[in-house]
Every structure is written in structure tokens, then in C-alpha cells.
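Student: Okay, here's the structure, questions in a sec.
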Amino acid sequence: MSGLRHVTSINDLDNAEIEQVFALADKYLKELGETMERTERTRAGANLTTQRIAKSGRMGTGSILATLFYEPSTRTRLSFESAMLRLGGRTITSADPATSSAAKGESLADTVRVVSSYADAIVIRHPRDGAAKLAAQYASIPVINGGDGAHEHPTQTLCDLFTLRRHNKKLKNLSVAVSGDLRGSRTIHSFVYALARFGAAIRLMPGGKGMELPAHVDWRLRNEFKCVPLPKAKYAEDDAVDALYVTAERPHQLSLIADASSNYKLKKAVDAVYVTRFQKERWSEGARDYMKVDSKFLQNSRYKNTSVMHPLPRVGELDIALDHDTRAAYFQQAAYGVPIRMALIAEVLGLEKNFALAQFKTGFRHGDYELYERPPGDSGIRCRNPNCIVHDPYEGPYAANKFLYVPAEAPRLRCYYCETDIVDFLIAHRRRGHYDSKLSRRRPVGDFRDVVFFADEEAAETAGFSKGQPRRAAGK
Ligand SMILES: [Zn+2]
């Protein structure tokens with residue numbers, strides 16, 4: 001393989017590539033669906049089941065998918081494994097972190113380097129934000145993120161979008177309400193980016209106090225995904241709605257929306273309500289007051305034809321009485337997990353001639369932002385997200401000091417791994433040996449290799465830089 005293609009974030013795929021994954025998933029779903037129907041009709045059992053796997057399975061023969069799960073998961077792992085088997089490939093798994101090499105202290109970086117010679121692609125699930133990006137840095141085979149901390153869960157998002165697209169016959173300009181633990185749910189973070197990219201109107205309904213969207217996700221929605229917030233006082237239909245965004249499908253619409261945001265015509269009908277559970281493992285307190293979606297909630301006419309979606313598992317926030325409601329879409333959403341993951345695996349492995357992702361030397365499409373990169377252990381600012389993979393005692397030594405420089409009115413340093421932004425930092429210049437005394441509002445002049453970013457003056461001084469005054473001896 002000359003190049004690679006990793007999928008650690010939904011934003012590693014562009015819109016055309018997402019549509020391409022869906023086109024292939026449609027094809028697989030048709031194959032699976034047809035044979036499932038046949039099984040149903042004849043009730044013949046075992047023979048047909050074997051036939052079903054064999055039917056969709058020729059092209060993956062000989063390929064191996066490794067599933068590395070450092071966090072418990074049943075559905076995601078099983079759906080990846082089922083997808084690989086249906087493609088005709090095989091899977092190897094490390095699903096019990098307590099008895100695996102991780103428990104013995106082996107780093108993820110070393111594990112993926114070893115597993116790269118055992119398999120053709122890796123799926124990773126990890127409790128730390130940014131773990132998939134670290135794995136991709138060391139793997140020599142494609143890495144797919146199966147959920148990393150509170151960061152992202154891109155394949156879940158693909159299932160979610162695919163469900164929306166099948167239910168609404170399109171993906172563009174939908175109106176979607178997103179409810180639950182908007183802070184702790186990685187699924188939601190991937191999902192809202194994708195919604196914005198397809199021009200959706202988004203209603204945010206936090207499940208409880210403090211469960212609003214994290215500030216850096218909100219900033220990205222507004223500044224990078226062209227979301228325009230609508231005034232809540234005018235547009236929020238009830239107290240459950242914390243924020244509303246509309247997005248422009250085409251750039252020229254953006255200024256029209258922004259200018260007229262107080263007179264914007266918001267479509268009344270909500271095409272989908274996306275419900276998520278309280279992510280108790282990401283909060284210190286075990287239980288909280290949490291909103292519930294039930295038939296009473298859905299009584300309002302704007303939910304008359306809505307699709308009720310949930311990434312599952314549910315733990316009480318979604319009334320089981322809705323299971324027989326025609327609006328319930330969540331089990332179908334889960335079923336789409338297999339054809340979607342088949343499609344993604346086939347594309348990263350290049351199994352289908354007409355459906356392949358472009359491959360790149362580093363495994364990723366080049367971003368718009370400059371990369372600031374230092375060897376692991378180098379001085380300078382570190383990510384401020386305590387759950388970031390760079391702060392893991394085993395993995396930290398393998399994580400380079402890496403940030404994307406995001407130019408903005410107040411420039412941001414975005415952690416390369418977990419994508420959390422830092423807005424207050426100091427810039428030091430190696431050759432001149434000094435640091436700028438003020439927070440910089442401008443891009444540092446010259447080569448990024450000459451620049452070191454620091455969290456504060458003390459850190460810069462400790463590293464041997466002095467304030468403002470150029471001096472001859474270069475600090476480090
Ligand atoms: Zn980070």
C-alpha cells in the first residue's frame with residue numbers, strides 16, 4: 001500500500017466521500033436485505049445464513065481487521081466484526097483491557113506498531129480523547145476510530161447520517177433536535193459537525209444542567225462550520241432548547257442568514273430528534289436530573305413526522321413505550337451499523353474498485369492549518385484537556401507536542417490529538433531567546449520551527465526564555 005487513509009474524525013471524510021460511503025452501504029444493504037428476505041421466506045435456516053455471508057463476502061477474503069477495545073463496548077465491536085465477516089474477511093480482537101498488554105503497561109503506540117504486522121486495518125476504542133489520532137501516528141495500516149473518550153465516534157455518525165438520509169430521502173437542509181449530554185457525548189460532537197456540513201438547522205437541548213455543548217465544539221460550529229446562531233428569545237419553542245443554529249449550504253447564503261438572523265424563517269417541523277444517554281462515566285457524579293423523551297414530549301405537532309434516533313444503549317432517557325411508535329428509528333439505526341461499517345472498511349482497504357478513499361502519505365488529507373510539532377517531551381505548552389491522550393502516563397511519552405495553529409481574531413492552538421483549543425498562550429522565539437509579553441493576536445512571524453508556545457510566563461522563564469528583550473544566547 002503506497003498511502004494510507006485513517007478515519008479518526010468525521011472531518012477526515014469530506015462530504016463527497018461521506019456520500020460515497022453511503023452509496024456503497026446502499027449496495028451492501030440491498031445485498032443483505034435481499035438475502036435476509038429469502039431466509040425469512042424459506043425458513044430454511046443454517047444453509048442460507050452461510051450463503052448470506054458468502055454472498056457479500058468474496059472481495060474481503062484474506063483481509064484481517066484487528067479490533068482493539070480499551071473500553072467496554074458490545075455493539076460497536078460486534079458490528080465491526082460482523083461487517084468484516086460479511087465482507088469475507090476475518091477479525092482478531094483484544095476486547096478485554098484488564099488482561100491485555102495495556103494492563104501490563106504496554107503503550108498504545110507500541111501495540112499498534114505490532115498489530116500493524118498482524119492485520120490490515122485497526123479499529124480502536126479508548127477512554128482517552130485523541131487516542132485514535134495517536135494510534136494513527138504509529139500504525140502503518142488504516143486506523144478507524146471506534147470512539148475515543150469524549151472526542152468523537154465517527155462511524156456512529158455515519159450510521160446516524162445514513163439513517164437520516166434514508167428516512168428523509170436526502171441529507172441536505174434537515175431540521176434536527178439534539179438532546180441529552182451534549183458535553184460528554186462524543187457521538188454528538190461528531191454528529192453536529194456533520195449536520196452543519198450538510199446545511200442542517202440544529203436545535204440543542206441539553207439533558208440537564210451543565211450538559212451544554214463544550215465551548216470548543218460550539219466555537220467550531222460557528223467559525224468553521226458556518227453555523228449562525230438564532231436568537232433564543234425569538235426562536236426557542238420551549239425551555240428545553242438551549243441554542244439554535246442554522247447553517248448555509250452555500251457560502252453566499254451565509255451573509256443572508258447572518259444579516260437576517262432575527263427574521264429567519266425557521267422550518268417548524270423537526271425531521272429528527274436525536275436522544276443520548278447521560279454519560280455517567282465522564283462525570284464525577286453518578287446520577288443527575290435528566291430529560292426524558294416520551295410520547296408526551298413528542299405530542300407537539302412539530303414532531304408529528306419526526307424520526308426518533310438514539311445511538312443506544314439507552315438508560316431511561318428514551319421511553320420503551322416508544323418502541324412501537326412509527327417514529328422510532330433507533331433499532332433500524334443500529335441495524336445500519338453493519339452495512340455502513342462494511343462500506344467504510346471496504347473503502348479504507350481498497351476492496352471495491354469504484355469505491356476507494358484517496359490515500360495520503362500521512363494517512364490524512366492536508367488540513368488548512370499549520371502544524372506546530374515538537375518531539376515528545378519537548379518544552380512548551382501541553383493540551384489542557386485532562387482526559388487527553390497526551391496526559392496518559394503510558395501514552396504521554398509517545399505523544400508529540402503537536403498543535404494546529406488556528407488563525408482567528410484570537411488565535412487558537414488546537415490539540416492535534418483531542419482537538420481541544422487553547423486561546424491564551426505566549427509565543428517565544430528560539431533564535432531571539434525571548435517571549436512576547438502579551439498574548440499574541442497575530443501569527444508569529446517566520447518559521448514555526450523557530451517558535452515555542454508557552455502556557456504562561458513562568459513556563460517560558462523556566463525554559464530559559466526572557467521577557468520581551470532579545471538576547472544573544474538562544475534559549476531552548
Ligand atoms: Zn489534547
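Just remember, in the C-alpha cells the first chain shown is A, the second B, etc., residues are 1-based per chain, and ligands are 1-based in the order shown.
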Could you give me, as CSV, every stretch 65-116 of chain A residue with an atom at most 12 Å from stretch 379-391 of chain A, plus its closest atom pair and distance in Å to one decimal, counting only C-alpha atoms, rows ordered by chain then number?
Tutor:
```
residue,atom,partner,partner_atom,distance
A:Ser107,CA,A:Ile389,CA,11.1
A:Leu108,CA,A:Ile389,CA,10.0
A:Ala109,CA,A:Ile389,CA,11.1
```
Student: Using the selection just defined, write its residues with N, CA and C atoms as a PDB file, in the first residue's frame.
Tutor:
```
ATOM      1  N   SER A 107       2.360   0.454  25.803  1.00  0.00           N
ATOM      2  CA  SER A 107       1.688   1.627  25.269  1.00  0.00           C
ATOM      3  C   SER A 107       0.901   1.269  24.022  1.00  0.00           C
ATOM      4  N   LEU A 108      -0.096   2.110  23.762  1.00  0.00           N
ATOM      5  CA  LEU A 108      -0.901   2.005  22.557  1.00  0.00           C
ATOM      6  C   LEU A 108      -0.006   2.130  21.324  1.00  0.00           C
ATOM      7  N   ALA A 109       0.964   3.043  21.412  1.00  0.00           N
ATOM      8  CA  ALA A 109       1.853   3.271  20.278  1.00  0.00           C
ATOM      9  C   ALA A 109       2.575   1.980  19.894  1.00  0.00           C
TER      10      ALA A 109
END
```
Student: As a quick test: using only C-alpha atoms and all ligand atoms, which residues lie no more than 12 Å away from ligand 1? Give them as an MDAnalysis selection string.
Tutor: chainID A and resid 128:134 148:151 216 381:392 396 399:404 413:422
Student: Compare A:Val273, A:Thr326, A:Ile345, A:Arg430 by their minimum atom-to-atom distance to A:Leu85, counting only C-alpha atoms, and give me the closest one.
Tutor: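 Of A:Val273, A:Thr326, A:Ile345, A:Arg430, the one nearest A:Leu85 is A:Ile345, counting only C-alpha atoms.
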Student: I'd like the contact shell of A:Arg327 - 7 Å cut-off, only C-alpha atoms, skipping same-chain residues fewer than 2 positions apart - returned as a list in words.
Tutor: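 Skipping anything fewer than 2 positions along the chain leaves Asn305, Thr306, Ser307, Val308, Asp325 and Ala329 of chain A.
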Student: What does the file look like for those residues with C-alpha atoms, as a short mmCIF file (atom, residue, chain, number, x, y, z; two decimals), in the first residue's frame?
Tutor:
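File written: result_16.cif
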```
data_model
loop_
_atom_site.label_atom_id
_atom_site.label_comp_id
_atom_site.auth_asym_id
_atom_site.auth_seq_id
_atom_site.Cartn_x
_atom_site.Cartn_y
_atom_site.Cartn_z
CA ASN A 305 -43.30 13.11 11.38
CA THR A 306 -40.02 13.14 13.23
CA SER A 307 -37.60 10.20 13.37
CA VAL A 308 -36.63 9.40 16.94
CA ASP A 325 -44.31 4.17 17.68
CA ALA A 329 -35.90 4.79 14.22
#
```
Student: Near A:Phe297, counting only C-alpha atoms, which residues have an atom at most 12 Å away, once you skip same-chain residues fewer than 3 positions from it, shown as a PDB file with all heavy atoms, in the first residue's frame?
Tutor:
```pdb
ATOM      1  N   SER A 179     -30.568  16.096  21.723  1.00  0.00           N
ATOM      2  CA  SER A 179     -30.812  16.231  23.155  1.00  0.00           C
ATOM      3  C   SER A 179     -29.925  15.298  23.965  1.00  0.00           C
ATOM      4  O   SER A 179     -29.420  14.310  23.458  1.00  0.00           O
ATOM      5  CB  SER A 179     -32.286  15.921  23.457  1.00  0.00           C
ATOM      6  OG  SER A 179     -32.482  14.530  23.461  1.00  0.00           O
ATOM      7  N   ASP A 238     -39.441  26.128  23.340  1.00  0.00           N
ATOM      8  CA  ASP A 238     -39.697  25.856  24.755  1.00  0.00           C
ATOM      9  C   ASP A 238     -38.380  25.906  25.532  1.00  0.00           C
ATOM     10  O   ASP A 238     -37.313  26.089  24.957  1.00  0.00           O
ATOM     11  CB  ASP A 238     -40.404  24.504  24.940  1.00  0.00           C
ATOM     12  CG  ASP A 238     -39.682  23.385  24.217  1.00  0.00           C
ATOM     13  OD1 ASP A 238     -38.494  23.165  24.516  1.00  0.00           O
ATOM     14  OD2 ASP A 238     -40.304  22.754  23.336  1.00  0.00           O
ATOM     15  N   ALA A 240     -36.633  23.678  26.831  1.00  0.00           N
ATOM     16  CA  ALA A 240     -35.658  22.610  26.592  1.00  0.00           C
ATOM     17  C   ALA A 240     -34.587  23.039  25.596  1.00  0.00           C
ATOM     18  O   ALA A 240     -33.473  22.531  25.607  1.00  0.00           O
ATOM     19  CB  ALA A 240     -36.375  21.360  26.077  1.00  0.00           C
ATOM     20  N   VAL A 273     -35.345  13.771  16.053  1.00  0.00           N
ATOM     21  CA  VAL A 273     -34.936  14.079  17.424  1.00  0.00           C
ATOM     22  C   VAL A 273     -33.879  13.049  17.796  1.00  0.00           C
ATOM     23  O   VAL A 273     -34.124  11.843  17.720  1.00  0.00           O
ATOM     24  CB  VAL A 273     -36.111  13.940  18.422  1.00  0.00           C
ATOM     25  CG1 VAL A 273     -35.633  14.255  19.841  1.00  0.00           C
ATOM     26  CG2 VAL A 273     -37.240  14.858  18.040  1.00  0.00           C
ATOM     27  N   VAL A 275     -31.572  11.502  20.577  1.00  0.00           N
ATOM     28  CA  VAL A 275     -31.525  11.391  22.038  1.00  0.00           C
ATOM     29  C   VAL A 275     -30.244  10.653  22.443  1.00  0.00           C
ATOM     30  O   VAL A 275     -29.854   9.690  21.776  1.00  0.00           O
ATOM     31  CB  VAL A 275     -32.754  10.595  22.560  1.00  0.00           C
ATOM     32  CG1 VAL A 275     -32.865  10.686  24.069  1.00  0.00           C
ATOM     33  CG2 VAL A 275     -34.040  11.082  21.898  1.00  0.00           C
ATOM     34  N   MET A 291     -33.344  14.844  31.180  1.00  0.00           N
ATOM     35  CA  MET A 291     -34.592  14.920  30.419  1.00  0.00           C
ATOM     36  C   MET A 291     -34.983  13.562  29.832  1.00  0.00           C
ATOM     37  O   MET A 291     -34.149  12.702  29.616  1.00  0.00           O
ATOM     38  CB  MET A 291     -34.495  15.962  29.304  1.00  0.00           C
ATOM     39  CG  MET A 291     -33.670  15.556  28.098  1.00  0.00           C
ATOM     40  SD  MET A 291     -33.639  16.866  26.854  1.00  0.00           S
ATOM     41  CE  MET A 291     -35.240  16.681  26.092  1.00  0.00           C
ATOM     42  N   LYS A 292     -36.270  13.412  29.585  1.00  0.00           N
ATOM     43  CA  LYS A 292     -36.756  12.151  29.040  1.00  0.00           C
ATOM     44  C   LYS A 292     -37.587  12.419  27.785  1.00  0.00           C
ATOM     45  O   LYS A 292     -38.387  13.341  27.747  1.00  0.00           O
ATOM     46  CB  LYS A 292     -37.620  11.448  30.094  1.00  0.00           C
ATOM     47  CG  LYS A 292     -38.076  10.072  29.670  1.00  0.00           C
ATOM     48  CD  LYS A 292     -38.634   9.285  30.849  1.00  0.00           C
ATOM     49  CE  LYS A 292     -39.020   7.886  30.389  1.00  0.00           C
ATOM     50  NZ  LYS A 292     -39.252   6.964  31.478  1.00  0.00           N
ATOM     51  N   VAL A 293     -37.353  11.626  26.776  1.00  0.00           N
ATOM     52  CA  VAL A 293     -38.148  11.745  25.554  1.00  0.00           C
ATOM     53  C   VAL A 293     -39.179  10.620  25.551  1.00  0.00           C
ATOM     54  O   VAL A 293     -38.838   9.438  25.592  1.00  0.00           O
ATOM     55  CB  VAL A 293     -37.248  11.702  24.300  1.00  0.00           C
ATOM     56  CG1 VAL A 293     -38.087  11.614  23.033  1.00  0.00           C
ATOM     57  CG2 VAL A 293     -36.356  12.935  24.250  1.00  0.00           C
ATOM     58  N   ASP A 294     -40.441  11.017  25.582  1.00  0.00           N
ATOM     59  CA  ASP A 294     -41.527  10.036  25.599  1.00  0.00           C
ATOM     60  C   ASP A 294     -42.668  10.568  24.730  1.00  0.00           C
ATOM     61  O   ASP A 294     -42.525  11.598  24.061  1.00  0.00           O
ATOM     62  CB  ASP A 294     -41.991   9.780  27.049  1.00  0.00           C
ATOM     63  CG  ASP A 294     -42.299  11.083  27.778  1.00  0.00           C
ATOM     64  OD1 ASP A 294     -42.489  12.135  27.108  1.00  0.00           O
ATOM     65  OD2 ASP A 294     -42.341  11.081  29.021  1.00  0.00           O
ATOM     66  N   ASN A 300     -46.155  17.497  20.601  1.00  0.00           N
ATOM     67  CA  ASN A 300     -46.185  18.734  19.821  1.00  0.00           C
ATOM     68  C   ASN A 300     -46.199  18.438  18.318  1.00  0.00           C
ATOM     69  O   ASN A 300     -45.508  17.535  17.852  1.00  0.00           O
ATOM     70  CB  ASN A 300     -44.960  19.584  20.180  1.00  0.00           C
ATOM     71  CG  ASN A 300     -45.083  20.972  19.627  1.00  0.00           C
ATOM     72  OD1 ASN A 300     -45.051  21.185  18.416  1.00  0.00           O
ATOM     73  ND2 ASN A 300     -45.250  21.939  20.520  1.00  0.00           N
ATOM     74  N   SER A 301     -46.964  19.237  17.571  1.00  0.00           N
ATOM     75  CA  SER A 301     -47.137  18.960  16.145  1.00  0.00           C
ATOM     76  C   SER A 301     -45.821  19.026  15.368  1.00  0.00           C
ATOM     77  O   SER A 301     -45.695  18.443  14.303  1.00  0.00           O
ATOM     78  CB  SER A 301     -48.154  19.924  15.548  1.00  0.00           C
ATOM     79  OG  SER A 301     -47.663  21.245  15.707  1.00  0.00           O
ATOM     80  N   ARG A 302     -44.808  19.735  15.930  1.00  0.00           N
ATOM     81  CA  ARG A 302     -43.562  19.794  15.159  1.00  0.00           C
ATOM     82  C   ARG A 302     -42.840  18.444  15.121  1.00  0.00           C
ATOM     83  O   ARG A 302     -41.935  18.230  14.334  1.00  0.00           O
ATOM     84  CB  ARG A 302     -42.640  20.905  15.678  1.00  0.00           C
ATOM     85  CG  ARG A 302     -42.133  20.763  17.073  1.00  0.00           C
ATOM     86  CD  ARG A 302     -41.220  21.950  17.435  1.00  0.00           C
ATOM     87  NE  ARG A 302     -40.947  21.961  18.870  1.00  0.00           N
ATOM     88  CZ  ARG A 302     -41.705  22.561  19.765  1.00  0.00           C
ATOM     89  NH1 ARG A 302     -42.773  23.240  19.383  1.00  0.00           N
ATOM     90  NH2 ARG A 302     -41.400  22.513  21.039  1.00  0.00           N
ATOM     91  N   TYR A 303     -43.260  17.529  15.998  1.00  0.00           N
ATOM     92  CA  TYR A 303     -42.639  16.196  15.995  1.00  0.00           C
ATOM     93  C   TYR A 303     -43.526  15.148  15.330  1.00  0.00           C
ATOM     94  O   TYR A 303     -43.283  13.956  15.465  1.00  0.00           O
ATOM     95  CB  TYR A 303     -42.334  15.751  17.428  1.00  0.00           C
ATOM     96  CG  TYR A 303     -41.397  16.675  18.173  1.00  0.00           C
ATOM     97  CD1 TYR A 303     -41.783  17.293  19.365  1.00  0.00           C
ATOM     98  CD2 TYR A 303     -40.111  16.928  17.682  1.00  0.00           C
ATOM     99  CE1 TYR A 303     -40.926  18.140  20.048  1.00  0.00           C
ATOM    100  CE2 TYR A 303     -39.247  17.784  18.358  1.00  0.00           C
ATOM    101  CZ  TYR A 303     -39.662  18.389  19.536  1.00  0.00           C
ATOM    102  OH  TYR A 303     -38.810  19.224  20.201  1.00  0.00           O
ATOM    103  N   LYS A 304     -44.544  15.613  14.607  1.00  0.00           N
ATOM    104  CA  LYS A 304     -45.512  14.680  14.045  1.00  0.00           C
ATOM    105  C   LYS A 304     -44.862  13.617  13.156  1.00  0.00           C
ATOM    106  O   LYS A 304     -45.170  12.441  13.234  1.00  0.00           O
ATOM    107  CB  LYS A 304     -46.554  15.477  13.239  1.00  0.00           C
ATOM    108  CG  LYS A 304     -47.776  14.676  12.876  1.00  0.00           C
ATOM    109  CD  LYS A 304     -48.904  15.584  12.366  1.00  0.00           C
ATOM    110  CE  LYS A 304     -49.953  14.754  11.661  1.00  0.00           C
ATOM    111  NZ  LYS A 304     -49.945  14.956  10.204  1.00  0.00           N
ATOM    112  N   THR A 306     -41.448  13.173  12.909  1.00  0.00           N
ATOM    113  CA  THR A 306     -40.024  13.141  13.234  1.00  0.00           C
ATOM    114  C   THR A 306     -39.522  11.687  13.297  1.00  0.00           C
ATOM    115  O   THR A 306     -40.299  10.758  13.484  1.00  0.00           O
ATOM    116  CB  THR A 306     -39.811  13.875  14.581  1.00  0.00           C
ATOM    117  OG1 THR A 306     -38.495  14.351  14.645  1.00  0.00           O
ATOM    118  CG2 THR A 306     -40.091  12.974  15.772  1.00  0.00           C
ATOM    119  N   VAL A 308     -37.284   9.398  15.634  1.00  0.00           N
ATOM    120  CA  VAL A 308     -36.627   9.403  16.945  1.00  0.00           C
ATOM    121  C   VAL A 308     -35.395   8.510  16.855  1.00  0.00           C
ATOM    122  O   VAL A 308     -35.501   7.324  16.555  1.00  0.00           O
ATOM    123  CB  VAL A 308     -37.565   8.913  18.060  1.00  0.00           C
ATOM    124  CG1 VAL A 308     -36.848   8.932  19.402  1.00  0.00           C
ATOM    125  CG2 VAL A 308     -38.818   9.778  18.106  1.00  0.00           C
ATOM    126  N   GLU A 317     -33.660   7.468  29.386  1.00  0.00           N
ATOM    127  CA  GLU A 317     -33.986   8.774  28.801  1.00  0.00           C
ATOM    128  C   GLU A 317     -34.908   8.649  27.593  1.00  0.00           C
ATOM    129  O   GLU A 317     -35.418   9.634  27.088  1.00  0.00           O
ATOM    130  CB  GLU A 317     -32.697   9.527  28.417  1.00  0.00           C
ATOM    131  CG  GLU A 317     -31.866   8.920  27.311  1.00  0.00           C
ATOM    132  CD  GLU A 317     -31.113   7.664  27.724  1.00  0.00           C
ATOM    133  OE1 GLU A 317     -30.919   7.465  28.939  1.00  0.00           O
ATOM    134  OE2 GLU A 317     -30.741   6.872  26.848  1.00  0.00           O
ATOM    135  N   LEU A 318     -35.100   7.416  27.127  1.00  0.00           N
ATOM    136  CA  LEU A 318     -35.963   7.185  25.973  1.00  0.00           C
ATOM    137  C   LEU A 318     -36.978   6.120  26.384  1.00  0.00           C
ATOM    138  O   LEU A 318     -36.619   4.979  26.664  1.00  0.00           O
ATOM    139  CB  LEU A 318     -35.101   6.685  24.799  1.00  0.00           C
ATOM    140  CG  LEU A 318     -35.787   6.458  23.466  1.00  0.00           C
ATOM    141  CD1 LEU A 318     -36.370   7.754  22.917  1.00  0.00           C
ATOM    142  CD2 LEU A 318     -34.777   5.896  22.468  1.00  0.00           C
ATOM    143  N   ASP A 319     -38.238   6.533  26.426  1.00  0.00           N
ATOM    144  CA  ASP A 319     -39.298   5.659  26.928  1.00  0.00           C
ATOM    145  C   ASP A 319     -39.448   4.408  26.047  1.00  0.00           C
ATOM    146  O   ASP A 319     -39.607   4.527  24.826  1.00  0.00           O
ATOM    147  CB  ASP A 319     -40.604   6.466  26.936  1.00  0.00           C
ATOM    148  CG  ASP A 319     -41.708   5.756  27.693  1.00  0.00           C
ATOM    149  OD1 ASP A 319     -41.519   4.578  28.059  1.00  0.00           O
ATOM    150  OD2 ASP A 319     -42.756   6.397  27.916  1.00  0.00           O
ATOM    151  N   LEU A 322     -42.103   3.880  23.364  1.00  0.00           N
ATOM    152  CA  LEU A 322     -41.997   4.422  22.009  1.00  0.00           C
ATOM    153  C   LEU A 322     -41.587   3.372  20.986  1.00  0.00           C
ATOM    154  O   LEU A 322     -41.646   3.615  19.779  1.00  0.00           O
ATOM    155  CB  LEU A 322     -40.967   5.561  21.976  1.00  0.00           C
ATOM    156  CG  LEU A 322     -41.354   6.876  22.643  1.00  0.00           C
ATOM    157  CD1 LEU A 322     -40.175   7.841  22.589  1.00  0.00           C
ATOM    158  CD2 LEU A 322     -42.569   7.491  21.966  1.00  0.00           C
TER     159      LEU A 322
END
```
Student: Can you work out which one of A:Ile122, A:Val217, A:Leu32, A:Ile202 has the shortest atom-to-atom distance to A:Val270, counting only C-alpha atoms?
Tutor: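 Counting only C-alpha atoms, the residue closest to A:Val270 is A:Ile202.
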Student: Per DSSP on the backbone, filter stretch 127-194 of chain A down to the residues in helix (DSSP H, G or I) and report them as an MDAnalysis selection string.
Tutor: chainID A and resid 131:138 154:168 186:194
Student: Run DSSP on the backbone and give me the residues of stretch 170-319 of chain A it puts in strand (DSSP E or B), as a PyMOL selection string.
Tutor: chain A and resi 175-180+201-206+227-230+243-247+272-275+293+307-309+318
Student: Neighbours of stretch 167-176 of chain A within 9 Å (only C-alpha atoms; same-chain residues fewer than 3 positions away dropped), as a PyMOL selection string?
Tutor: chain A and resi 161-164+195+197-204+246-249+266-274+306-307+329
Student: Nearest to A:Gly210: which of A:Pro231, A:Gly147, A:Gly180, A:Pro72 is it, counting only C-alpha atoms?
Tutor: A:Gly180
Student: Ranking A:Pro407, A:Gly316, A:Gly337, A:Gly3 by minimum distance to A:Pro142 and counting only C-alpha atoms, which one comes first?
Tutor: A:Gly3
Student: Which residue out of A:Thr362, A:Ser9, A:Thr61, A:Gln332 has the minimum interatomic distance to A:Arg166 when only C-alpha atoms are used?
Tutor: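 Closest to A:Arg166, using only C-alpha atoms: A:Gln332.
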